[in-house]
Amino acid sequence: MNRNAYDSDITTWSPQGRLHQIEYAMEAVKQGSAAVGLRSNKHARSSSDLASYQKKLIRIDDHMGIAIAGLTSDARVLSTYMRTESMRSRMVFGRPLPVQRIANMLGDKAQINTQRYGRRPYGVGLLIIGVDETGPHLYEFSPSGNAFDYYAVSIGARSQSAKTYLEKHFEKFAESSLDELVAHGLRALRDTLQQDKELTVANCSVGIVSKDQKFTVVEGEALRGYLDALNADGGSGGGGAGGDDAGAAADAGAGEEGDGGAAPMETE
């Protein structure tokens, strides 16, 4: 039978054992604006290439924020849920919500949508950066319900080029200063641009958090110094898809690779 006979509901498996609606949701993340996240032993940061009318970096709490790629409406739903749980943690337990816990809670919430008739997967991927009592963390959340802990990762359109850069340099991140970490993130983000595009204060923003600094979004003229330093370092935008053959970014977990995207779709 045609593949379309099995993609009308999330609980319908194809003969090949695939859930096509999850694959469609993963594809929506791939079509979103690129976002890059990386962390050191002291800081976590994310950057996003964004449209001028849609913010892609969202503050969740003083110690945590997210970058999004995919459907903005779904991102608003998940960010509201995260803010509610963060507020609950402060009111009930008197402490900030641990980053790993909210990542696992998001995974459980997304998993429910893959098991119940009439639901649909969230068509958005998140990079969750935060600092808690165990240090800085960076998690990637995908519509399938998986959440992985990384040293560095990228999601969104042409993200493989950014992952290639991060793979080559991730061993330096642990001891990097804040300025060096931001520079690495902008270089990785620059590699996701089309050939005729460049990073500017109008299409780029940076989120930073550490134990000594609340989650802060750097954008507009405040970002110009970083971009000027990036341009002085050499090279222009438009890395394109030159790194599409490379593997995924380094995983900080127990040797697991991130769920980088949907399985290849049938072409029949």
# chains A, B, ... in the order shown; residues from 1 in each chain; ligands from 1
>>> residues_around(residues="stretch 203-209 of chain A", least_positions_apart="3", cutoff="8 Å", atoms="only C-alpha atoms", output="ChimeraX atom specification")
/A:43-52,57,63-65,129-131,182,199-200,213-220,223
>>> select_by_dssp(residues="stretch 88-220 of chain A", states="strand (DSSP E or B)", output="ChimeraX atom specification")
/A:124-132,135-141,147-150,152-155,204-210,213-218
>>> atom_distance(atom1="atom CA of A:Leu178", atom2="atom CA of A:Ser210")
9.5 Å
>>> closest_atom_pairs(of="stretch 139-255 of chain A", to="stretch 24-27 of chain A", cutoff="10 Å", atoms="only C-alpha atoms", output="JSON lines")
{"residue": "A:Ser142", "atom": "CA", "partner": "A:Met26", "partner_atom": "CA", "distance": 7.3}
{"residue": "A:Pro143", "atom": "CA", "partner": "A:Met26", "partner_atom": "CA", "distance": 6.3}
{"residue": "A:Ser144", "atom": "CA", "partner": "A:Met26", "partner_atom": "CA", "distance": 7.7}
{"residue": "A:Gly156", "atom": "CA", "partner": "A:Glu27", "partner_atom": "CA", "distance": 9.2}
{"residue": "A:Ala157", "atom": "CA", "partner": "A:Glu27", "partner_atom": "CA", "distance": 9.7}
>>> select_by_dssp(residues="stretch 184-222 of chain A", states="alpha helix (DSSP H)", output="VMD selection string")
chain A and resid 184 to 190
>>> atom_distance(atom1="atom CA of A:Asp149", atom2="atom CA of A:Gln100")
8.4 Å
>>> residues_around(residues="stretch 8-16 of chain A", least_positions_apart="4", cutoff="9 Å", atoms="only C-alpha atoms", output="ChimeraX atom specification")
/A:3-4,20-22,113-121
>>> closest_residue(among="A:Asn41, A:Asp62, A:Asp179, A:Val36", to="A:Thr164", atoms="only C-alpha atoms")
A:Val36
>>> atom_distance(atom1="atom CA of A:Gly145", atom2="atom CA of A:Ala110")
4.9 Å
>>> residues_around(residues="A:Thr80", least_positions_apart="3", cutoff="12 Å", atoms="only C-alpha atoms", output="VMD selection string")
chain A and resid 58 to 61 65 to 66 73 to 77 83 to 87 106
>>> closest_residue(among="A:Arg190, A:His184, A:Lys42, A:Lys197", to="A:Leu166", atoms="only C-alpha atoms")
A:His184
>>> closest_residue(among="A:Val99, A:Ile112, A:Val201, A:Ala183", to="A:Tyr139", atoms="only C-alpha atoms")
A:Val99
